[in-house]
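Okay, so here's the structure we're looking at.
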Amino acid sequence: MSLDSHFRSSVFLIIRVDQLIGGGSDISVIYNGLDASDFNHINEQRLTEFTNNYALPDSFALAVGHFETRKNYPHLIDSLAVLKQRGFDVPLLIIGNNSGEREKVEAHIEKAGLSAQVSILSGLTDEEVRCAYQLCSLFIFPSKYEGFGIPILEAMAAQRPIVLSDLPVFREITEGRSIYFDTNNAEAMANSIELALTDTQQRTVMIEREFNFQVQLNRVG
């Protein structure tokens, strides 16, 4: 089957397709999108209910994605252990359904001594997930591989500071203006998380960028 006139969600995917077929494809990029206004219509009462229902702390980092190997949750847990050794406890909420790796991640959390610091939620409604984005202090996306990354758009729509794996597709989505880390280096990931949570100027710049992104989405919509 010819790949001419097919569409992909990122330039990164087009490059990968060309590598696989030896080049010469005529593929256009149509980026995935979402309605940013969905993240602006959650009232304070609903946010409070969500916090109380799941006993969430006042401040927490958020990761969203199913439990599978490429999501790289063990390295994320290791980075929190590094931060804990520095005296910097970062509560983490992971939202995702089980794709075969949840038990391994839970065992890793327990082994790292972070059971009281890391929470896992599955089977949430879309509105509940949006509540989590609105409430989190930081969004972390540690994947080793993605063709795109809808959770990144969701975090941007919610105007949350973001730290990401240093993947070409993530730099493409965020236009190279987020904080990136080596996916296999827990120390580097810890440094990025600490920077995003403690550097007020950096956080302000990121949040302003998310606001501009949200305005662009609303114009498109």
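Chain identifiers are assigned as A, B, and so on, following the order in which chains appear in the structure tokens; residues are numbered from 1 within each chain, and ligands are numbered from 1 in order of appearance.
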
Q. Using only C-alpha atoms, which residues sit within 12 Å of stretch 55-63 of chain A once same-chain residues fewer than 4 positions away are excluded, as a PyMOL selection string?
A. chain A and resi 47-51+67+71-73+76-77+80+89-96+116-121+129-143+151-152+154-155+160-164+193-194+196-197

Q: Mind checking which residues fall within 10 Å of A:Lys84, counting only C-alpha atoms, ignoring those fewer than 5 positions away in the same chain, and posting them as a VMD selection string?
A: chain A and resid 78 to 79 89 to 90 113 to 114 190

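The two atoms in question, atom CA of A:Glu106 and atom CA of A:Gly147, are spaced 26.1 Å apart.
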
Q: Write down as a ChimeraX atom specification the residues of stretch 99-128 of chain A whose backbone DSSP state falls under alpha helix (DSSP H).
A: /A:102-111,126-128

Go ahead and write the selection's residues with C-alpha atoms as a PDB file, in the first residue's frame.
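The file below, out_36.pdb, is the result:
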ATOM      1  CA  ARG A 102       1.606  -1.734  37.250  1.00  0.00           C
ATOM      2  CA  GLU A 103       2.706  -4.427  39.705  1.00  0.00           C
ATOM      3  CA  LYS A 104       6.343  -3.917  38.709  1.00  0.00           C
ATOM      4  CA  VAL A 105       6.016  -0.176  39.238  1.00  0.00           C
ATOM      5  CA  GLU A 106       4.330  -0.671  42.610  1.00  0.00           C
ATOM      6  CA  ALA A 107       7.123  -3.034  43.663  1.00  0.00           C
ATOM      7  CA  HIS A 108       9.690  -0.454  42.554  1.00  0.00           C
ATOM      8  CA  ILE A 109       7.935   2.230  44.594  1.00  0.00           C
ATOM      9  CA  GLU A 110       7.946   0.022  47.683  1.00  0.00           C
ATOM     10  CA  LYS A 111      11.597  -0.940  47.227  1.00  0.00           C
ATOM     11  CA  ASP A 126     -11.992  12.620  31.817  1.00  0.00           C
ATOM     12  CA  GLU A 127     -13.147  15.359  34.177  1.00  0.00           C
ATOM     13  CA  GLU A 128     -11.224  13.838  37.074  1.00  0.00           C
TER      14      GLU A 128
END

Q) Closest to A:Leu153 among A:Gln45, A:Ser37, A:Asn98, A:Thr174, using only C-alpha atoms? A) A:Thr174

Q) How far is it from atom CA of A:Ser165 to atom CA of A:Gln85, in Å with one decimal? A) 22.1 Å

Q: Provide the atom CA of A:Lys144 to atom CA of A:Thr69 distance in Å, to one decimal place.
A: 8.5 Å
